[in-house]
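The structure file work_5.txt is reproduced below (compact mmCIF, C-alpha atoms and all ligand atoms).
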# COMPACT_ATOMS: atom_id res chain seq x y z
CA MET A 12 69.58 -170.68 -97.65
CA ARG A 13 70.48 -167.01 -97.38
CA HIS A 14 68.95 -163.87 -98.91
CA TYR A 15 70.47 -160.42 -99.46
CA LEU A 16 67.64 -158.04 -98.62
CA GLN A 17 69.46 -155.38 -96.59
CA PHE A 18 73.10 -154.41 -96.25
CA SER A 19 73.05 -155.74 -92.66
CA ASP A 20 72.32 -159.27 -93.93
CA PHE A 21 76.07 -159.87 -94.34
CA THR A 22 78.75 -159.47 -91.69
CA ARG A 23 81.93 -157.48 -92.14
CA GLU A 24 83.87 -160.72 -92.50
CA GLU A 25 81.52 -161.79 -95.30
CA TYR A 26 81.97 -158.43 -97.06
CA GLU A 27 85.74 -158.76 -96.84
CA TYR A 28 85.43 -162.15 -98.52
CA LEU A 29 83.02 -160.76 -101.15
CA PHE A 30 85.34 -157.83 -101.97
CA LYS A 31 88.29 -160.17 -102.34
CA ARG A 32 86.23 -162.45 -104.53
CA ALA A 33 84.84 -159.54 -106.62
CA GLY A 34 88.43 -158.41 -107.23
CA ILE A 35 89.40 -161.88 -108.45
CA LEU A 36 86.33 -162.18 -110.70
CA LYS A 37 87.01 -158.71 -112.12
CA GLN A 38 90.65 -159.39 -112.82
CA ARG A 39 89.94 -162.78 -114.46
CA LEU A 40 87.20 -161.29 -116.64
CA LYS A 41 89.55 -158.53 -117.79
CA ALA A 42 92.20 -161.16 -118.56
CA GLY A 43 89.69 -162.88 -120.83
CA GLN A 44 89.44 -166.02 -118.71
CA LEU A 45 86.14 -167.91 -118.97
CA TYR A 46 84.55 -168.85 -115.64
CA GLN A 47 81.18 -170.52 -116.05
CA PRO A 48 79.99 -172.15 -112.83
CA PHE A 49 76.33 -171.53 -113.65
CA ILE A 50 75.75 -173.14 -117.04
CA GLY A 51 72.07 -174.06 -117.21
CA ARG A 52 71.20 -171.94 -114.15
CA VAL A 53 68.76 -169.04 -114.25
CA LEU A 54 68.51 -165.71 -112.42
CA GLY A 55 64.94 -164.35 -112.41
CA MET A 56 64.80 -160.54 -112.29
CA ILE A 57 61.56 -158.80 -111.32
CA PHE A 58 61.44 -155.06 -111.99
CA GLU A 59 58.59 -152.96 -110.65
CA LYS A 60 60.62 -149.80 -111.36
CA SER A 61 62.89 -148.63 -114.19
CA SER A 62 66.57 -149.57 -114.36
CA THR A 63 69.66 -149.36 -116.51
CA ARG A 64 72.62 -150.36 -114.31
CA THR A 65 70.89 -152.97 -112.19
CA ARG A 66 69.46 -154.81 -115.16
CA VAL A 67 72.62 -154.68 -117.26
CA SER A 68 74.97 -155.61 -114.41
CA PHE A 69 72.94 -158.64 -113.33
CA GLU A 70 72.22 -159.76 -116.88
CA ALA A 71 75.80 -159.39 -118.13
CA GLY A 72 77.17 -160.99 -114.96
CA MET A 73 74.93 -164.02 -115.27
CA ALA A 74 75.84 -164.42 -118.96
CA GLN A 75 79.55 -164.30 -118.03
CA PHE A 76 78.85 -167.06 -115.49
CA GLY A 77 77.44 -169.22 -118.31
CA GLY A 78 73.87 -168.83 -117.03
CA HIS A 79 70.81 -166.92 -118.09
CA ALA A 80 69.03 -163.89 -116.62
CA MET A 81 65.31 -163.54 -117.20
CA PHE A 82 64.00 -159.97 -117.28
CA MET A 83 60.44 -159.54 -116.02
CA GLN A 84 58.63 -156.24 -115.63
CA SER A 85 55.69 -156.35 -113.30
CA LYS A 86 53.52 -154.52 -115.82
CA ASP A 87 53.92 -157.40 -118.30
CA THR A 88 53.37 -160.16 -115.74
CA GLN A 89 50.38 -161.13 -113.61
CA LEU A 90 52.03 -159.28 -110.72
CA GLY A 91 50.95 -156.09 -112.45
CA ARG A 92 47.37 -157.39 -112.51
CA GLY A 93 47.26 -158.10 -108.80
CA GLU A 94 48.62 -161.64 -108.39
CA PRO A 95 49.79 -161.88 -104.76
CA ILE A 96 53.56 -161.57 -104.32
CA GLU A 97 53.54 -164.74 -102.21
CA ASP A 98 52.09 -166.74 -105.13
CA VAL A 99 54.54 -165.19 -107.59
CA ALA A 100 57.43 -166.17 -105.30
CA GLN A 101 56.19 -169.76 -105.00
CA VAL A 102 55.90 -170.13 -108.77
CA ILE A 103 59.05 -168.37 -109.94
CA SER A 104 61.30 -169.95 -107.31
CA ARG A 105 60.33 -173.44 -108.51
CA MET A 106 61.82 -172.67 -111.92
CA VAL A 107 64.82 -170.43 -111.36
CA ASP A 108 67.92 -170.76 -109.14
CA ILE A 109 68.10 -167.25 -107.71
CA VAL A 110 65.94 -164.11 -107.91
CA MET A 111 66.58 -160.36 -107.92
CA VAL A 112 63.68 -158.04 -107.09
CA ARG A 113 63.40 -154.27 -107.58
CA THR A 114 60.22 -153.03 -106.00
CA PHE A 115 58.52 -150.41 -103.81
CA GLU A 116 58.15 -151.20 -100.08
CA GLN A 117 60.73 -153.43 -98.38
CA SER A 118 57.81 -155.48 -97.05
CA ILE A 119 57.14 -156.67 -100.63
CA ILE A 120 60.61 -158.18 -101.05
CA ASP A 121 60.46 -159.57 -97.50
CA ARG A 122 57.21 -161.35 -98.35
CA PHE A 123 58.70 -162.60 -101.60
CA ALA A 124 61.72 -164.00 -99.76
CA GLU A 125 59.56 -165.69 -97.11
CA ASN A 126 57.84 -167.64 -99.89
CA SER A 127 60.87 -168.29 -102.08
CA LYS A 128 62.65 -171.63 -102.33
CA VAL A 129 65.78 -169.88 -103.70
CA PRO A 130 67.96 -166.94 -102.58
CA VAL A 131 66.56 -163.44 -103.17
CA ILE A 132 68.66 -160.30 -103.79
CA ASN A 133 67.38 -156.75 -103.26
CA GLY A 134 67.89 -154.76 -106.46
CA LEU A 135 66.45 -151.59 -104.79
CA THR A 136 63.41 -150.90 -102.66
CA ASN A 137 62.02 -147.63 -101.32
CA GLU A 138 64.01 -148.27 -98.15
CA TYR A 139 67.34 -149.87 -99.21
CA HIS A 140 69.79 -150.42 -102.09
CA PRO A 141 72.39 -152.83 -100.70
CA CYS A 142 73.99 -153.82 -104.02
CA GLN A 143 74.81 -150.15 -104.68
CA ILE A 144 76.66 -149.57 -101.42
CA MET A 145 78.53 -152.84 -101.74
CA ALA A 146 79.81 -151.65 -105.14
CA ASP A 147 80.60 -148.18 -103.75
CA ILE A 148 82.64 -149.44 -100.82
CA PHE A 149 84.44 -151.88 -103.12
CA THR A 150 85.24 -148.89 -105.36
CA TYR A 151 86.73 -147.00 -102.42
CA THR A 152 88.63 -150.08 -101.23
CA GLU A 153 90.17 -150.65 -104.67
CA ARG A 154 91.87 -147.24 -104.42
CA PHE A 155 92.56 -146.65 -100.75
CA GLY A 156 92.09 -149.95 -98.84
CA SER A 157 89.82 -150.18 -95.81
CA ILE A 158 87.03 -147.64 -95.31
CA GLU A 159 87.24 -148.08 -91.51
CA GLY A 160 87.59 -144.78 -89.67
CA LYS A 161 86.82 -142.70 -92.78
CA THR A 162 84.07 -140.12 -93.28
CA VAL A 163 81.39 -140.29 -95.94
CA ALA A 164 79.48 -137.04 -96.54
CA TRP A 165 76.03 -137.50 -98.03
CA ILE A 166 74.50 -134.29 -99.37
CA GLY A 167 70.80 -134.67 -100.14
CA ASP A 168 67.79 -136.86 -99.56
CA SER A 169 67.55 -139.39 -96.73
CA ASN A 170 66.56 -142.12 -99.12
CA ASN A 171 67.15 -145.79 -99.89
CA VAL A 172 70.79 -145.20 -100.84
CA SER A 173 71.75 -143.03 -97.83
CA ARG A 174 69.88 -145.37 -95.47
CA THR A 175 72.04 -148.20 -96.81
CA TRP A 176 75.21 -146.14 -96.28
CA LEU A 177 74.09 -145.84 -92.65
CA GLN A 178 73.87 -149.61 -92.19
CA ALA A 179 77.30 -149.88 -93.81
CA ALA A 180 78.78 -147.27 -91.42
CA LYS A 181 78.12 -149.50 -88.45
CA ILE A 182 79.34 -152.68 -90.13
CA PHE A 183 82.58 -151.13 -91.46
CA ASN A 184 83.03 -148.65 -88.60
CA PHE A 185 83.13 -145.40 -90.54
CA LYS A 186 81.13 -142.19 -90.10
CA LEU A 187 78.24 -140.96 -92.22
CA ASN A 188 77.68 -137.19 -92.22
CA LEU A 189 74.25 -136.54 -93.70
CA ALA A 190 73.26 -133.04 -94.83
CA CYS A 191 69.59 -132.61 -95.68
CA PRO A 192 66.94 -129.91 -95.44
CA ARG A 193 64.83 -129.76 -92.30
CA GLY A 194 61.94 -132.16 -92.59
CA TYR A 195 63.93 -134.67 -94.65
CA GLU A 196 65.94 -136.22 -91.81
CA MET A 197 66.71 -139.93 -91.85
CA THR A 198 64.16 -142.35 -90.46
CA VAL A 199 65.97 -145.41 -89.14
CA LEU A 200 63.87 -148.46 -89.95
CA ASP A 201 65.98 -151.39 -88.83
CA GLY A 202 65.56 -150.96 -85.06
CA GLN A 203 69.29 -150.32 -84.59
CA THR A 204 70.84 -147.35 -82.81
CA TYR A 205 73.53 -145.40 -84.61
CA GLY A 206 75.83 -143.49 -82.28
CA PRO A 207 77.68 -140.23 -83.07
CA GLU A 208 80.75 -142.25 -84.12
CA HIS A 209 78.72 -143.60 -87.05
CA PHE A 210 76.13 -140.96 -87.84
CA GLU A 211 75.68 -137.20 -87.66
CA THR A 212 73.00 -135.05 -89.28
CA PHE A 213 73.68 -131.52 -90.56
CA ASN A 214 71.59 -128.88 -92.23
CA ASP A 215 74.68 -127.18 -93.63
CA PRO A 216 76.21 -129.22 -96.49
CA TYR A 217 79.57 -127.40 -96.11
CA GLN A 218 79.89 -128.61 -92.53
CA ALA A 219 78.93 -132.15 -93.49
CA ALA A 220 81.57 -132.27 -96.24
CA ARG A 221 84.41 -131.01 -94.03
CA ASN A 222 87.38 -133.42 -94.14
CA ALA A 223 85.32 -136.13 -95.81
CA ASP A 224 86.96 -139.02 -97.65
CA ILE A 225 83.92 -139.54 -99.90
CA VAL A 226 81.33 -136.97 -100.92
CA THR A 227 78.19 -138.48 -102.36
CA THR A 228 74.65 -137.59 -103.33
CA ASP A 229 71.63 -138.84 -105.26
CA VAL A 230 68.52 -137.49 -106.92
CA SER A 231 66.15 -135.50 -104.71
CA VAL A 232 63.16 -137.35 -106.18
CA SER A 233 63.49 -141.11 -106.02
CA MET A 234 61.38 -143.49 -108.07
CA GLY A 235 57.93 -143.74 -106.53
CA TYR A 236 58.03 -140.19 -105.10
CA GLU A 237 57.32 -138.32 -108.33
CA ARG A 238 54.21 -136.62 -106.91
CA GLU A 239 56.53 -134.67 -104.55
CA THR A 240 58.73 -133.38 -107.38
CA LEU A 241 57.81 -129.67 -107.27
CA GLN A 242 58.21 -129.36 -103.52
CA ARG A 243 61.43 -131.39 -103.42
CA LYS A 244 63.11 -129.40 -106.21
CA LYS A 245 62.53 -126.29 -104.08
CA ASP A 246 63.57 -127.86 -100.77
CA PHE A 247 66.82 -129.35 -102.11
CA ILE A 248 68.04 -126.30 -104.01
CA ASN A 249 70.92 -125.72 -101.53
CA TYR A 250 71.93 -129.38 -101.36
CA LYS A 251 73.99 -129.68 -104.51
CA VAL A 252 77.55 -131.01 -104.65
CA SER A 253 79.56 -128.17 -106.17
CA GLU A 254 83.30 -127.61 -106.51
CA LYS A 255 83.07 -125.41 -103.40
CA ILE A 256 81.59 -128.31 -101.44
CA MET A 257 84.33 -130.62 -102.73
CA LEU A 258 86.94 -128.14 -101.46
CA GLN A 259 85.68 -128.76 -97.91
CA ALA A 260 86.56 -132.43 -98.22
CA LYS A 261 90.04 -133.97 -98.20
CA ALA A 262 92.11 -133.20 -101.27
CA GLU A 263 92.03 -136.87 -102.33
CA ALA A 264 88.29 -137.28 -101.59
CA LEU A 265 86.23 -139.23 -104.09
CA PHE A 266 82.90 -138.11 -105.49
CA MET A 267 80.30 -140.86 -105.79
CA HIS A 268 76.79 -141.03 -107.24
CA CYS A 269 74.75 -144.18 -107.78
CA LEU A 270 73.37 -142.73 -111.03
CA PRO A 271 71.28 -141.74 -112.90
CA ALA A 272 72.41 -138.16 -112.20
CA HIS A 273 70.84 -134.79 -112.94
CA ARG A 274 73.69 -132.40 -113.69
CA GLY A 275 73.00 -128.94 -112.25
CA GLU A 276 70.48 -130.31 -109.72
CA GLU A 277 72.11 -132.53 -107.07
CA VAL A 278 75.62 -132.23 -108.57
CA ASP A 279 77.47 -129.76 -110.78
CA PRO A 280 78.91 -131.04 -114.08
CA GLU A 281 82.42 -129.93 -113.00
CA VAL A 282 82.22 -132.39 -110.10
CA ILE A 283 80.59 -135.43 -111.67
CA ASP A 284 82.71 -135.09 -114.81
CA GLY A 285 85.79 -133.97 -112.86
CA PRO A 286 88.92 -135.79 -111.65
CA GLN A 287 87.57 -136.80 -108.23
CA SER A 288 84.52 -138.55 -109.66
CA VAL A 289 84.47 -142.36 -109.72
CA VAL A 290 80.89 -142.79 -110.92
CA TRP A 291 81.72 -145.02 -113.90
CA ASP A 292 83.78 -147.34 -111.69
CA GLU A 293 80.89 -147.55 -109.24
CA ALA A 294 78.55 -148.56 -112.06
CA GLU A 295 80.95 -151.19 -113.42
CA ASN A 296 81.66 -152.54 -109.97
CA ARG A 297 77.97 -153.27 -109.51
CA MET A 298 78.54 -156.17 -111.88
CA HIS A 299 81.68 -157.57 -110.24
CA THR A 300 80.38 -157.35 -106.67
CA GLN A 301 76.94 -158.76 -107.55
CA LYS A 302 78.63 -161.69 -109.28
CA ALA A 303 80.46 -162.37 -106.03
CA VAL A 304 77.13 -162.27 -104.16
CA ILE A 305 75.39 -164.62 -106.62
CA GLU A 306 78.29 -167.06 -106.42
CA TYR A 307 78.34 -166.85 -102.60
CA LEU A 308 74.59 -167.36 -102.21
CA LEU A 309 74.60 -170.36 -104.57
CA LEU A 310 77.96 -172.01 -103.85
CA GLY A 311 79.27 -170.59 -100.56
CA LYS A 312 82.88 -169.49 -100.19
CA ILE A 313 85.24 -170.44 -103.00
CA GLU A 314 88.79 -171.00 -101.90
CA ASP A 315 91.05 -170.42 -104.89
N1 LIG B 1 72.21 -147.15 -109.59
C1 LIG B 1 71.22 -147.89 -110.06
O1 LIG B 1 70.67 -148.78 -109.38
O2 LIG B 1 70.87 -147.61 -111.35
P1 LIG B 1 69.62 -148.14 -112.16
O3 LIG B 1 68.40 -147.52 -111.57
O4 LIG B 1 69.87 -147.70 -113.57
O5 LIG B 1 69.57 -149.63 -112.05
N1 LIG B 2 67.28 -143.11 -104.91
C1 LIG B 2 67.14 -143.46 -106.30
C2 LIG B 2 68.21 -144.43 -106.70
C3 LIG B 2 68.16 -144.88 -108.12
C4 LIG B 2 69.20 -145.89 -108.44
C5 LIG B 2 65.76 -144.04 -106.52
O1 LIG B 2 65.31 -144.84 -105.69
O2 LIG B 2 65.14 -143.70 -107.52

Conversion result in structure tokens:
Amino acid sequence: MRHYLQFSDFTREEYEYLFKRAGILKQRLKAGQLYQPFIGRVLGMIFEKSSTRTRVSFEAGMAQFGGHAMFMQSKDTQLGRGEPIEDVAQVISRMVDIVMVRTFEQSIIDRFAENSKVPVINGLTNEYHPCQIMADIFTYTERFGSIEGKTVAWIGDSNNVSRTWLQAAKIFNFKLNLACPRGYEMTVLDGQTYGPEHFETFNDPYQAARNADIVTTDVSVSMGYERETLQRKKDFINYKVSEKIMLQAKAEALFMHCLPAHRGEEVDPEVIDGPQSVVWDEAENRMHTQKAVIEYLLLGKIED
């Protein structure tokens, strides 16, 4: 049994398979073809934080597969009243076929997975957001083919999303340029070393964006960090993706954002609503790529 808790849980070869499979699932769905391998199967979804895209993409995807997705918010379950995560994992995994968890510390989902009888997928933790980066790289690949050798410029917080881009840089062999204010540099948590061919930190966002193939950002205040809002709004004031920043990148560069976005804060409306932005494709592709992951974790590789 496999879990998907960090981006590094799959190899490059597995991602290539998953992207191919996501493309097939996407194309068949758009052609109106029914594909229901999971009739009578259930995805349990535990949310300890808010969500729009993650909930909708998993729930719609599971319905398209002929199965059911069960939405649970920790505040409405015994988890919110202190039931140990290990006990919750034991109980839920006896009744459902696969679980998605959105929570705070990565250690919570790790403990859940250790006690689960079924595969567990990370739907965002404080440290990582693997499903997002899988969808983002698929979005790039759909347009331009392989991301190998390309440059991704991240302007903003060293958070769960950028930390996942970093894991992806090593697996796909591209470079992550990260521009953040002093004091917000990336903490690498997976024990790996990332050489200059995969990772460079800048304080100047213009330098980071130079010649990039993708320019991307995220909120400066992630869920769970709300008490730092005032300080962060001040510290990130110069780390906004503007049209001037986009001009540093390649002419065909894409703008990405995992969403939700705050126009005028981390990105200007002209950029996120402009011609280089692929944010709606990223959101939609969450569903297609996650369906490929669910199918892979439950059935293995499908050869058709
Ligand atoms: N990008 C993303 O995970 O969005 P939600 O928080 O709406 O799920
Ligand atoms: N970094 C953001 C991503 C939201 C999808 C957060 O964790 O709140």

Residues of chain A that have any atom at most 12 Å from an atom of ligand LIG 1 (chain B): could you tabulate them with the shortest-distance atom pair and the distance in Å to one decimal, using only C-alpha atoms and all ligand atoms, ordered by chain and increasing number, as JSON lines?
{"residue": "A:Met56", "atom": "CA", "partner": "B:LIG1", "partner_atom": "O5", "distance": 11.9}
{"residue": "A:Phe58", "atom": "CA", "partner": "B:LIG1", "partner_atom": "O5", "distance": 9.8}
{"residue": "A:Glu59", "atom": "CA", "partner": "B:LIG1", "partner_atom": "O3", "distance": 11.3}
{"residue": "A:Lys60", "atom": "CA", "partner": "B:LIG1", "partner_atom": "O3", "distance": 8.1}
{"residue": "A:Ser61", "atom": "CA", "partner": "B:LIG1", "partner_atom": "O3", "distance": 6.2}
{"residue": "A:Ser62", "atom": "CA", "partner": "B:LIG1", "partner_atom": "O5", "distance": 3.8}
{"residue": "A:Thr63", "atom": "CA", "partner": "B:LIG1", "partner_atom": "O4", "distance": 3.4}
{"residue": "A:Arg64", "atom": "CA", "partner": "B:LIG1", "partner_atom": "O5", "distance": 3.9}
{"residue": "A:Thr65", "atom": "CA", "partner": "B:LIG1", "partner_atom": "O5", "distance": 3.6}
{"residue": "A:Arg66", "atom": "CA", "partner": "B:LIG1", "partner_atom": "O5", "distance": 6.0}
{"residue": "A:Val67", "atom": "CA", "partner": "B:LIG1", "partner_atom": "O5", "distance": 7.9}
{"residue": "A:Ser68", "atom": "CA", "partner": "B:LIG1", "partner_atom": "O5", "distance": 8.4}
{"residue": "A:Phe69", "atom": "CA", "partner": "B:LIG1", "partner_atom": "O5", "distance": 9.7}
{"residue": "A:Glu70", "atom": "CA", "partner": "B:LIG1", "partner_atom": "O5", "distance": 11.5}
{"residue": "A:Met111", "atom": "CA", "partner": "B:LIG1", "partner_atom": "O5", "distance": 11.9}
{"residue": "A:Val112", "atom": "CA", "partner": "B:LIG1", "partner_atom": "O5", "distance": 11.4}
{"residue": "A:Arg113", "atom": "CA", "partner": "B:LIG1", "partner_atom": "O5", "distance": 8.9}
{"residue": "A:Thr114", "atom": "CA", "partner": "B:LIG1", "partner_atom": "O3", "distance": 11.3}
{"residue": "A:Asn133", "atom": "CA", "partner": "B:LIG1", "partner_atom": "O1", "distance": 10.6}
{"residue": "A:Gly134", "atom": "CA", "partner": "B:LIG1", "partner_atom": "O1", "distance": 7.2}
{"residue": "A:Leu135", "atom": "CA", "partner": "B:LIG1", "partner_atom": "O1", "distance": 6.8}
{"residue": "A:Thr136", "atom": "CA", "partner": "B:LIG1", "partner_atom": "O1", "distance": 10.1}
{"residue": "A:Asn137", "atom": "CA", "partner": "B:LIG1", "partner_atom": "O1", "distance": 11.9}
{"residue": "A:Tyr139", "atom": "CA", "partner": "B:LIG1", "partner_atom": "O1", "distance": 10.8}
{"residue": "A:His140", "atom": "CA", "partner": "B:LIG1", "partner_atom": "O1", "distance": 7.5}
{"residue": "A:Pro141", "atom": "CA", "partner": "B:LIG1", "partner_atom": "O1", "distance": 9.7}
{"residue": "A:Cys142", "atom": "CA", "partner": "B:LIG1", "partner_atom": "O1", "distance": 8.1}
{"residue": "A:Gln143", "atom": "CA", "partner": "B:LIG1", "partner_atom": "N1", "distance": 6.3}
{"residue": "A:Ile144", "atom": "CA", "partner": "B:LIG1", "partner_atom": "N1", "distance": 9.6}
{"residue": "A:Met145", "atom": "CA", "partner": "B:LIG1", "partner_atom": "N1", "distance": 11.6}
{"residue": "A:Ala146", "atom": "CA", "partner": "B:LIG1", "partner_atom": "N1", "distance": 9.9}
{"residue": "A:Asp147", "atom": "CA", "partner": "B:LIG1", "partner_atom": "N1", "distance": 10.3}
{"residue": "A:Asn171", "atom": "CA", "partner": "B:LIG1", "partner_atom": "O1", "distance": 10.6}
{"residue": "A:Val172", "atom": "CA", "partner": "B:LIG1", "partner_atom": "N1", "distance": 9.1}
{"residue": "A:Thr228", "atom": "CA", "partner": "B:LIG1", "partner_atom": "N1", "distance": 11.7}
{"residue": "A:Asp229", "atom": "CA", "partner": "B:LIG1", "partner_atom": "N1", "distance": 9.4}
{"residue": "A:Val230", "atom": "CA", "partner": "B:LIG1", "partner_atom": "N1", "distance": 10.7}
{"residue": "A:Ser233", "atom": "CA", "partner": "B:LIG1", "partner_atom": "O3", "distance": 9.8}
{"residue": "A:Met234", "atom": "CA", "partner": "B:LIG1", "partner_atom": "O3", "distance": 8.8}
{"residue": "A:Met267", "atom": "CA", "partner": "B:LIG1", "partner_atom": "N1", "distance": 10.9}
{"residue": "A:His268", "atom": "CA", "partner": "B:LIG1", "partner_atom": "N1", "distance": 8.0}
{"residue": "A:Cys269", "atom": "CA", "partner": "B:LIG1", "partner_atom": "N1", "distance": 4.3}
{"residue": "A:Leu270", "atom": "CA", "partner": "B:LIG1", "partner_atom": "N1", "distance": 4.8}
{"residue": "A:Pro271", "atom": "CA", "partner": "B:LIG1", "partner_atom": "O2", "distance": 6.1}
{"residue": "A:Ala272", "atom": "CA", "partner": "B:LIG1", "partner_atom": "N1", "distance": 9.4}
{"residue": "A:Val290", "atom": "CA", "partner": "B:LIG1", "partner_atom": "N1", "distance": 9.8}
{"residue": "A:Trp291", "atom": "CA", "partner": "B:LIG1", "partner_atom": "N1", "distance": 10.7}
{"residue": "A:Asp292", "atom": "CA", "partner": "B:LIG1", "partner_atom": "N1", "distance": 11.8}
{"residue": "A:Glu293", "atom": "CA", "partner": "B:LIG1", "partner_atom": "N1", "distance": 8.7}
{"residue": "A:Ala294", "atom": "CA", "partner": "B:LIG1", "partner_atom": "N1", "distance": 6.9}
{"residue": "A:Glu295", "atom": "CA", "partner": "B:LIG1", "partner_atom": "N1", "distance": 10.4}
{"residue": "A:Asn296", "atom": "CA", "partner": "B:LIG1", "partner_atom": "N1", "distance": 10.9}
{"residue": "A:Arg297", "atom": "CA", "partner": "B:LIG1", "partner_atom": "N1", "distance": 8.4}
{"residue": "A:Met298", "atom": "CA", "partner": "B:LIG1", "partner_atom": "O1", "distance": 11.1}
{"residue": "A:Gln301", "atom": "CA", "partner": "B:LIG1", "partner_atom": "O1", "distance": 11.9}

- With distances taken over only C-alpha atoms, the candidate from A:Arg221, A:Arg105, A:Arg154, A:Arg238 nearest Asn126 in chain A is A:Arg105

Please tabulate, as a tab-separated table, the residues of range 145-188 of chain A that come within 10 Å of range 21-45 of chain A, each with its closest pair of atoms and the distance in Å to one decimal, counting all atoms listed in the file and ordering rows by chain, then residue number upward.
residue	atom	partner	partner_atom	distance
A:Met145	CA	A:Tyr26	CA	8.1
A:Ala146	CA	A:Phe30	CA	8.9
A:Ile148	CA	A:Phe30	CA	8.9
A:Phe149	CA	A:Phe30	CA	6.1
A:Thr150	CA	A:Phe30	CA	9.6
A:Thr152	CA	A:Phe30	CA	8.5
A:Glu153	CA	A:Gly34	CA	8.4
A:Ser157	CA	A:Glu27	CA	9.6
A:Ala179	CA	A:Arg23	CA	9.1
A:Lys181	CA	A:Arg23	CA	9.6
A:Ile182	CA	A:Arg23	CA	5.8
A:Phe183	CA	A:Arg23	CA	6.4
A:Asn184	CA	A:Arg23	CA	9.6

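Once Pro286 in chain A and its same-chain neighbours fewer than 3 positions away are set aside, Glu263, Leu265, Phe266, Glu281, Val282, Ile283 and Val289 of chain A remain within 10 Å of it when counting only C-alpha atoms.
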
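Proximity to ligand LIG 2 (chain B) was assessed for A:Glu314, A:Glu116, A:Asp224, A:Asp20 counting only C-alpha atoms and all ligand atoms; the smallest distance is recorded for A:Glu116.
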
Let me have the centre and edge lengths of the axis-aligned box enclosing all listed atoms of ligand LIG 2 (chain B) with 5 Å padding on every side, in Å to one decimal, as AutoDock Vina command-line options.
--center_x 67.2 --center_y -144.5 --center_z -106.7 --size_x 14.1 --size_y 12.8 --size_z 13.5

- Message: Could you tell me how far CA of Arg274 in chain A sits from CA of Lys255 in chain A, in Å to one decimal place?
- Response: 15.6 Å

- Message: Between A:Val102, A:Lys251, A:Asp168, A:Leu187, which residue has the minimum interatomic distance to Pro280 in chain A, considering only C-alpha atoms?
- Response: A:Lys251

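When all atoms listed in the file are used to compute distances to ligand LIG 2 (chain B), the closest of the residues A:Gln242, A:Thr204, A:Asn214, A:Asn170 turns out to be A:Asn170.
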
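Computed from the coordinates, the CA of Gly72 in chain A to CA of His299 in chain A distance equals 7.4 Å.
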
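With all atoms listed in the file as the atoms that count, the residue of A:Ser127, A:Thr198, A:Asn222, A:Ser85 with the shortest distance to Ala262 in chain A is A:Asn222.
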
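With only C-alpha atoms and all ligand atoms as the atoms that count, the minimum distance from ligand LIG 2 (chain B) to the choices A:Pro207, A:Gly78, A:Gly91, A:Gly235 is reached by A:Gly235.
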
- Task: Select all residues near (69.3, -173.0, -115.1) (cut-off 12 Å, inclusive, file coordinates), counting all atoms listed in the file, and output them as a PyMOL selection string.
- Result: chain A and resi 48-55+73-74+76-81+104-110

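CA of Gln203 in chain A lies 8.9 Å from CA of Gln178 in chain A.
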
- Who sits within 9 Å of Asp246 in chain A, all atoms listed in the file, same chain under 6 positions skipped, as a list of chain:residue names: A:Pro192, A:Arg193, A:Ser231
